[in-house]
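Chemist: Quick one: structure below, then a few questions.
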Amino acid sequence: MKSCRLLLIFVACTAAAALARAEDSLIPIEHFVRDLTFDEIKVSPDGSKVAALSKWKEHLNLYVIDLKTKEPKMLTGLTTMSVGGVHWVGNNRLIFTGVKDGSLTGGLFAIDADGKNSRALNESAEQQGSRGSHVYRDVEIISRYGKSTDEILVASNERRLQEPDAYRMNVHTGKKRLVAMNPGKVRRWVADNAGAVRIGYGFYGGEHFLVARKGASGVFKEIKRWKFRDGRCEPLAFDQENRLVYVRSTLGRDTAAIALLDPETGEIVKELFHDDVYDAEDVVRHRSTGDLLGFAIEREKPGRVWAIDGMKKLQALTDEALPDTLNLFYSYSDDNRWIVVEAFSDRDPGTFYMLDTRELTLEKLVSRADWIKPEQMAAMKPVQFVTPDGLTIHGYLTLPPNSSGKNLPLIINPHGGPQARDEWRFWPEVQFLASRGYAVLRINFRGSIGYGRKFEQAGFGEWGRAMQDDITNAVKWAIAEGIADPKRVAIYGASYGGFATMAGLAFTPDLYCCGINYVGVTDMKLLLDTIPDGWEDSRAELNAMTGDPKKDLERMEAASPMRHVDNIRVPVFFAYGRLDERVDIDHGTEMAAKLRRKGIPVVWMEREDEGHGYRKNENQIAFYTEMEKFLATYLIPAGKVKLGDLKTIEMPALEK
């Protein structure tokens with residue numbers, strides 16, 4: 001067992017003083033969890049104003065900034081839910097979704113740009129429940145309805161719960177008109193540039209399919225069907241002539257390519273863009289004409305690959321003007337004259353600028369977090385290593401500012417999902433940990449997305465096995481490179497990352513000093529037994545990724561940390577929310593109880609008003625504060641040394 005004992009210093013000071021980590025030079029925790037000033041900047045079709053989101057009374061609210069006066073005006077005063085996404089419908093009307101307790105059940109709303117004529121287009125789950133409804137009748141935005149300023153296209157499940165139909169919805173009255181009836185199991189709709197809903201994408205029982213029709217009133221027919229293990233073929237948008245469909249496809253290939261599909265035959269007729277290592281993400285099109293401008297891709301860093309010379313020139317001029325940041329074109333006016341530029345880096349949360357493509361001027365709009373000083377932050381360096389079985393694993397290493405980069409306390413921080421990936425940008429929790437003297441390593445283990453179909457499927461059935469081996473090998477790589485002190489390594493993750501945390505402590509107990517499990521899975525069978533009803537159509541895919549409880553129960557239990565508590569020997573910090581609909585809190589309470597019975601030090605944090613991750617500022621501060629204390633106790637930060645073989649003190653558990 002690794003020795004990670006807390007030094008006890010009694011040189012005329014108390015144990016509490018010995019545990020104190022706060023120093024005047026440390027950046028306050030509040031800086032890392034403080035609400036962003038503004039985010040999600042969307043320019044109006046005519047370029048005269050922008051919509052923005054900002055927190056007010058703990059909830060994201062909608063603002064509009066007139067670009068002549070530069071004055072922000074708050075349009076909403078939400079105090080029980082937040083604005084999720086916002087879209088312009090014409091130059092004077094906005095629609096936005098509501099988010100409550102981390103779930104998209106807050107309804108759909110519309111409001112004028114001056115704050116007048118607000119209206120609920122679709123009631124929230126809470127409002128529907130108050131009228132006796134036991135299921136949430138949802139409305140999701142499909143797209144604009146051609147060039148209309150009065151209507152949009154939406155998908156609604158009011159007829160069948162898991163099979164949304166497509167409607168035209170009036171953004172002033174909320175009235176809907178059916179335009180496409182679901183032929184069965186379609187989950188997402190795509191309209192052409194004129195507003196005709198012509199493509200449907202669905203999945204069920206381990207198979208995916210596409211349906212299509214001619215025009216706005218034809219009969220849908222199936223044009224393509226494939227096994228989910230064969231890859232993806234996701235419709236994105238129609239081309240300029242409304243004849244072919246842009247798709248993101250891995251069918252017959254490894255990494256995702258952007259291609260053109262014929263909706264009459266279901267055949268891919270032309271590949272437009274791909275990368276040999278990374279998945280292509282999306283197309284970038286002109287908002288009015290539908291012309292192809294370029295492609296979005298997430299390599300080591302996010303970026304755009306422009307297809308036309310004009311966009312290449314604009315990107316080069318922007319990068320020349322803003323050399324210290326990565327600059328992404330974020331939002332466009334209808335004529336493409338006005339482009340909102342998001343300028344950010346690994347050390348800088350970002351600033352939004354307005355690019356005038358006619359006059360070639362760049363004007364600052366708002367900063368996300370101007371209290372963050374980039375020169376005080378740590379660099380996030382892309383790294384990679386090769387596993388014993390030959391896979392290349394990509395990741396990001398962040399070292400404490402001004403450190404030697406050698407023999408450091410290391411926190412391995414596996415991401416959630418696990419069908420997700422870590423990205424290069426500013427991450428508050430990474431910067432917080434680095435500011436406290438810890439190196440932070442994030443990797444995209446097998447099963448992560450973004451690196452091709454084979455890499456993602458290499459994680460199928462490998463929870464607690466090969467996926468965990470990648471995390472273990474990442475730690476061993478950092479030790480072999482001299483970066484990490486082998487006696488000072490911790491593991492911290494959320495959701496699936498919480499599972500990886502507990503698996504690391506259970507299956508490689510000699511590798512870690514301690515672990516932090518944030519809303520994490522600990523029992524694979526319990527996870528599948530408690531999945532939300534809306535995930536049932538994905539059951540076959542979930543079973544392939546995690547295991548089928550009816551067939552693979554023994555193998556699943558063998559990989560579940562809950563079944564291997566006796567192997568865990570080091571302290572664990574648990575943090576969960578009572579409102580979590582994805583990971584039942586029993587994953588944490590049962591594991592923590594078993595560890596306490598063993599005498600393992602446990603710190604427990606629970607919030608009645610939080611779900612899958614803490615969103616309220618006060619709870620985030622409490623979480624970071626307890627995490628800082630926990631790590632200072634069980635993982636000695638850089639710049640601190642042990643003064644001999646001293647007694648271990650257990651940090652009191654925060655029990656209810």
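Residue numbers start at 1 in each chain; chains themselves are named A, B, ... in the order of the structure tokens; ligands are numbered from 1 in the order shown.
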As an NGL selection string, please: the residues near segment 35-42 of chain A (cut-off 6 Å, only C-alpha atoms, same-chain neighbours under 4 positions excluded).
Modeler: :A and (50-54 or 331 or 368-369)
Chemist: Can you list, as a VMD selection string, all residues belonging to segment 112-225 of chain A that DSSP tags as strand (DSSP E or B)?
Modeler: chain A and resid 112 119 to 122 139 to 144 151 to 156 165 to 170 176 to 180 186 to 191 197 to 204 207 to 212 221 to 225
Chemist: Kindly save the residues from that selection, with C-alpha atoms included, as a compact mmCIF listing (two decimals), in the first residue's frame.
Modeler:
```txt
# COMPACT_ATOMS: atom_id res chain seq x y z
CA ASP A 112 -39.13 40.74 -28.44
CA ARG A 119 -44.81 34.35 -24.26
CA ALA A 120 -44.49 30.70 -23.29
CA LEU A 121 -44.65 28.71 -26.53
CA ASN A 122 -44.49 25.41 -24.64
CA VAL A 139 -40.86 20.93 -27.94
CA GLU A 140 -37.40 21.08 -29.54
CA ILE A 141 -36.23 23.53 -32.17
CA ILE A 142 -35.42 22.00 -35.56
CA SER A 143 -34.44 25.13 -37.47
CA ARG A 144 -35.69 28.36 -38.95
CA GLU A 151 -42.56 30.85 -37.70
CA ILE A 152 -39.96 28.23 -36.83
CA LEU A 153 -39.80 24.46 -37.21
CA VAL A 154 -40.07 22.40 -34.04
CA ALA A 155 -40.31 18.75 -33.04
CA SER A 156 -42.94 17.83 -30.47
CA ASP A 165 -43.54 14.89 -35.09
CA ALA A 166 -42.45 18.05 -36.92
CA TYR A 167 -44.48 21.27 -36.78
CA ARG A 168 -44.43 24.85 -37.91
CA MET A 169 -44.82 27.01 -34.82
CA ASN A 170 -45.85 30.66 -34.71
CA LYS A 176 -48.49 24.73 -34.26
CA ARG A 177 -49.27 23.18 -37.62
CA LEU A 178 -48.25 19.57 -38.32
CA VAL A 179 -45.86 19.31 -41.28
CA ALA A 180 -44.33 15.83 -40.83
CA VAL A 186 -37.53 8.96 -35.83
CA ARG A 187 -35.73 11.02 -33.17
CA ARG A 188 -34.42 13.98 -35.17
CA TRP A 189 -35.63 15.96 -38.21
CA VAL A 190 -33.75 17.99 -40.84
CA ALA A 191 -35.37 20.59 -43.10
CA VAL A 197 -38.90 18.83 -43.43
CA ARG A 198 -37.48 16.08 -45.64
CA ILE A 199 -35.07 13.92 -43.62
CA GLY A 200 -35.58 11.94 -40.42
CA TYR A 201 -32.93 10.14 -38.38
CA GLY A 202 -33.78 7.41 -35.88
CA PHE A 203 -32.51 4.42 -33.94
CA TYR A 204 -33.96 1.45 -32.15
CA GLU A 207 -30.00 -0.23 -35.56
CA HIS A 208 -29.95 3.30 -37.04
CA PHE A 209 -31.87 4.49 -40.09
CA LEU A 210 -32.68 7.45 -42.33
CA VAL A 211 -36.05 8.27 -43.88
CA ALA A 212 -36.61 10.84 -46.62
CA LYS A 221 -39.58 6.11 -47.09
CA GLU A 222 -36.60 4.45 -45.52
CA ILE A 223 -33.44 5.12 -47.55
CA LYS A 224 -30.74 3.70 -45.30
CA ARG A 225 -30.45 1.29 -42.36
```
Chemist: Got a sec to tell me which of segment 537-626 of chain A DSSP assigns to helix (DSSP H, G or I), as a ChimeraX atom specification?
Modeler: /A:537-546,553-559,561-567,586-598,617-626
Chemist: The selected residues should be written to file as a PDB file, in the first residue's frame (atoms: C-alpha atoms).
Modeler:
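Resulting contents of out-v2.pdb:
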```pdb
ATOM      1  CA  ASP A 537     -34.524   3.112 -27.463  1.00  0.00           C
ATOM      2  CA  SER A 538     -30.768   3.224 -26.811  1.00  0.00           C
ATOM      3  CA  ARG A 539     -30.852   0.197 -24.510  1.00  0.00           C
ATOM      4  CA  ALA A 540     -29.131  -2.109 -27.034  1.00  0.00           C
ATOM      5  CA  GLU A 541     -26.320   0.393 -27.510  1.00  0.00           C
ATOM      6  CA  LEU A 542     -25.935   0.964 -23.778  1.00  0.00           C
ATOM      7  CA  ASN A 543     -25.745  -2.782 -23.263  1.00  0.00           C
ATOM      8  CA  ALA A 544     -23.024  -3.040 -25.906  1.00  0.00           C
ATOM      9  CA  MET A 545     -21.027  -0.293 -24.234  1.00  0.00           C
ATOM     10  CA  THR A 546     -21.432  -1.431 -20.639  1.00  0.00           C
ATOM     11  CA  LEU A 553     -24.075  -9.758 -15.099  1.00  0.00           C
ATOM     12  CA  GLU A 554     -21.111 -11.665 -13.708  1.00  0.00           C
ATOM     13  CA  ARG A 555     -18.685  -9.776 -15.942  1.00  0.00           C
ATOM     14  CA  MET A 556     -20.303  -6.428 -15.087  1.00  0.00           C
ATOM     15  CA  GLU A 557     -20.103  -7.094 -11.365  1.00  0.00           C
ATOM     16  CA  ALA A 558     -16.463  -8.072 -11.761  1.00  0.00           C
ATOM     17  CA  ALA A 559     -15.801  -4.594 -13.215  1.00  0.00           C
ATOM     18  CA  PRO A 561     -16.098  -0.905  -7.927  1.00  0.00           C
ATOM     19  CA  MET A 562     -19.084  -1.467  -5.610  1.00  0.00           C
ATOM     20  CA  ARG A 563     -18.255  -5.186  -5.644  1.00  0.00           C
ATOM     21  CA  HIS A 564     -14.596  -4.605  -4.755  1.00  0.00           C
ATOM     22  CA  VAL A 565     -14.734  -2.308  -1.759  1.00  0.00           C
ATOM     23  CA  ASP A 566     -12.331  -4.552   0.148  1.00  0.00           C
ATOM     24  CA  ASN A 567      -9.555  -3.555  -2.265  1.00  0.00           C
ATOM     25  CA  ASP A 586     -27.314   5.325  -4.146  1.00  0.00           C
ATOM     26  CA  HIS A 587     -24.123   4.874  -6.167  1.00  0.00           C
ATOM     27  CA  GLY A 588     -22.454   7.128  -3.629  1.00  0.00           C
ATOM     28  CA  THR A 589     -24.285   6.427  -0.379  1.00  0.00           C
ATOM     29  CA  GLU A 590     -23.851   2.649  -0.578  1.00  0.00           C
ATOM     30  CA  MET A 591     -20.180   2.849  -1.499  1.00  0.00           C
ATOM     31  CA  ALA A 592     -19.433   5.427   1.202  1.00  0.00           C
ATOM     32  CA  ALA A 593     -21.215   3.335   3.843  1.00  0.00           C
ATOM     33  CA  LYS A 594     -19.189   0.250   2.933  1.00  0.00           C
ATOM     34  CA  LEU A 595     -15.933   2.189   3.115  1.00  0.00           C
ATOM     35  CA  ARG A 596     -16.809   3.666   6.504  1.00  0.00           C
ATOM     36  CA  ARG A 597     -17.493   0.195   7.845  1.00  0.00           C
ATOM     37  CA  LYS A 598     -13.989  -0.725   6.741  1.00  0.00           C
ATOM     38  CA  ASN A 617     -22.360  29.213  -7.038  1.00  0.00           C
ATOM     39  CA  GLU A 618     -22.478  28.598  -3.301  1.00  0.00           C
ATOM     40  CA  ASN A 619     -22.393  24.830  -3.832  1.00  0.00           C
ATOM     41  CA  GLN A 620     -19.510  25.072  -6.286  1.00  0.00           C
ATOM     42  CA  ILE A 621     -17.526  27.103  -3.763  1.00  0.00           C
ATOM     43  CA  ALA A 622     -18.296  24.564  -1.040  1.00  0.00           C
ATOM     44  CA  PHE A 623     -17.191  21.695  -3.312  1.00  0.00           C
ATOM     45  CA  TYR A 624     -13.911  23.350  -4.298  1.00  0.00           C
ATOM     46  CA  THR A 625     -13.234  24.316  -0.680  1.00  0.00           C
ATOM     47  CA  GLU A 626     -13.674  20.759   0.568  1.00  0.00           C
TER      48      GLU A 626
END
```
Chemist: Considering only C-alpha atoms, return as a list in words whatever protein or nucleic-acid residues lie within 8 Å of segment 516-520 of chain A, sequence-local ones (same chain, fewer than 3 positions apart) excluded.
Modeler: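 Selected residues are Ile491, Tyr492, Gly493, Ala494, Ser495, Tyr496, Gly497, Gly498, Phe499, Thr501, Met502, Val572, Phe573, Phe574, Ala575, Tyr576, Gly577, Val583, Ile585, His587, Gly588, His612, Gly613 and Met627 of chain A.
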Chemist: Would you work out the distance separating atom CA of Gly215 of chain A from atom CA of Ala257 of chain A, expressed in Å to one decimal?
Modeler: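 Atom-to-atom, atom CA of Gly215 of chain A and atom CA of Ala257 of chain A are spaced 26.7 Å apart.
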Chemist: Tell me, as a list of chain:residue names, which residues lie within 7 Å of Pro382 of chain A, counting only C-alpha atoms; anything in the same chain fewer than 3 positions away does not count.
Modeler: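 Contacts, with the query itself left out: A:Glu300, A:Gly395, A:Tyr396, A:Leu397.
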Chemist: Separation of atom CA of Phe432 of chain A and atom CA of Gly84 of chain A, in Å?
Modeler: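 Atom CA of Phe432 of chain A sits 26.1 Å away from atom CA of Gly84 of chain A.
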Chemist: Give me the residues within 7 Å of segment 114-118 of chain A as a short mmCIF file (atom, residue, chain, number, x, y, z; two decimals) with C-alpha atoms, in the first residue's frame, counting only C-alpha atoms and dropping any in the same chain fewer than 3 places off.
Modeler:
```
data_model
loop_
_atom_site.label_atom_id
_atom_site.label_comp_id
_atom_site.auth_asym_id
_atom_site.auth_seq_id
_atom_site.Cartn_x
_atom_site.Cartn_y
_atom_site.Cartn_z
CA LEU A 75 -34.99 40.74 -21.16
CA ALA A 110 -40.34 33.89 -27.10
CA ILE A 111 -39.72 37.57 -26.44
#
```
Chemist: Find the spatial neighbours of segment 233-250 of chain A, counting only C-alpha atoms, within a cut-off of 8 Å - ignore same-chain residues fewer than 5 positions away - and output them as an mmCIF file with C-alpha atoms, in the first residue's frame.
Modeler:
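What ended up in selection-v9.cif:
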```cif
data_model
loop_
_atom_site.group_PDB
_atom_site.id
_atom_site.type_symbol
_atom_site.label_atom_id
_atom_site.label_comp_id
_atom_site.auth_asym_id
_atom_site.auth_seq_id
_atom_site.Cartn_x
_atom_site.Cartn_y
_atom_site.Cartn_z
ATOM 1 C CA VAL A 190 -33.754 17.993 -40.845
ATOM 2 C CA ALA A 191 -35.370 20.593 -43.103
ATOM 3 C CA ASP A 192 -34.138 21.936 -46.421
ATOM 4 C CA ASN A 193 -33.307 25.609 -46.961
ATOM 5 C CA ILE A 199 -35.068 13.921 -43.618
ATOM 6 C CA TYR A 201 -32.928 10.137 -38.376
ATOM 7 C CA THR A 255 -12.759 8.682 -38.763
ATOM 8 C CA ALA A 256 -15.916 10.685 -39.447
ATOM 9 C CA ALA A 257 -16.016 12.441 -42.804
ATOM 10 C CA ILE A 258 -18.282 15.196 -44.067
ATOM 11 C CA ALA A 259 -19.954 13.916 -47.220
ATOM 12 C CA LEU A 260 -22.926 14.464 -49.507
ATOM 13 C CA LEU A 261 -25.770 11.931 -49.486
ATOM 14 C CA ASP A 262 -28.464 11.536 -52.125
ATOM 15 C CA PRO A 263 -31.828 11.509 -50.251
ATOM 16 C CA ALA A 280 -14.791 15.870 -38.666
ATOM 17 C CA GLU A 281 -17.517 17.601 -36.650
ATOM 18 C CA ASP A 282 -19.789 19.751 -38.811
ATOM 19 C CA VAL A 283 -20.265 21.967 -41.845
ATOM 20 C CA THR A 289 -27.578 31.263 -49.230
ATOM 21 C CA GLY A 290 -26.648 27.899 -47.745
ATOM 22 C CA ASP A 291 -23.251 28.074 -49.483
ATOM 23 C CA LEU A 292 -20.589 25.821 -48.004
ATOM 24 C CA GLY A 452 -12.631 7.480 -35.096
ATOM 25 C CA ARG A 453 -15.031 4.576 -34.888
#
```
Chemist: Near Asp319 of chain A, within 12 Å and counting only C-alpha atoms, which residues show up once chain neighbours fewer than 6 positions away are dropped, as a PyMOL selection string?
Modeler: chain A and resi 303+312-313+325-329+341-344+355+362
Chemist: Any chance you could export the current selection's C-alpha atoms as an mmCIF file, in the first residue's frame?
Modeler:
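That gives us result.cif:
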```cif
data_model
loop_
_atom_site.group_PDB
_atom_site.id
_atom_site.type_symbol
_atom_site.label_atom_id
_atom_site.label_comp_id
_atom_site.auth_asym_id
_atom_site.auth_seq_id
_atom_site.Cartn_x
_atom_site.Cartn_y
_atom_site.Cartn_z
ATOM 1 C CA GLY A 303 -10.535 24.825 -35.422
ATOM 2 C CA LYS A 312 -9.294 31.817 -45.185
ATOM 3 C CA LYS A 313 -8.298 35.468 -45.551
ATOM 4 C CA THR A 325 -5.701 33.409 -28.591
ATOM 5 C CA LEU A 326 -7.389 30.756 -30.662
ATOM 6 C CA ASN A 327 -10.032 32.572 -32.675
ATOM 7 C CA LEU A 328 -13.226 30.837 -33.770
ATOM 8 C CA PHE A 329 -15.985 32.403 -35.854
ATOM 9 C CA VAL A 341 -15.404 36.013 -32.991
ATOM 10 C CA GLU A 342 -14.730 33.931 -29.886
ATOM 11 C CA ALA A 343 -11.091 34.486 -28.828
ATOM 12 C CA PHE A 344 -9.859 32.164 -26.073
ATOM 13 C CA LEU A 355 -15.662 41.398 -37.056
ATOM 14 C CA LEU A 362 -12.483 44.099 -35.200
#
```
Chemist: Report, in Å with one decimal, the straight-line distance from atom CA of Pro302 of chain A to atom CA of Trp424 of chain A.
Modeler: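 Between atom CA of Pro302 of chain A and atom CA of Trp424 of chain A the gap is 7.3 Å.
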Chemist: In terms of the shortest atom-to-atom distance over only C-alpha atoms, which of A:Gly231, A:Gly294, A:Gly437, A:Gly252 is closest to Ile27 of chain A?
Modeler: A:Gly437
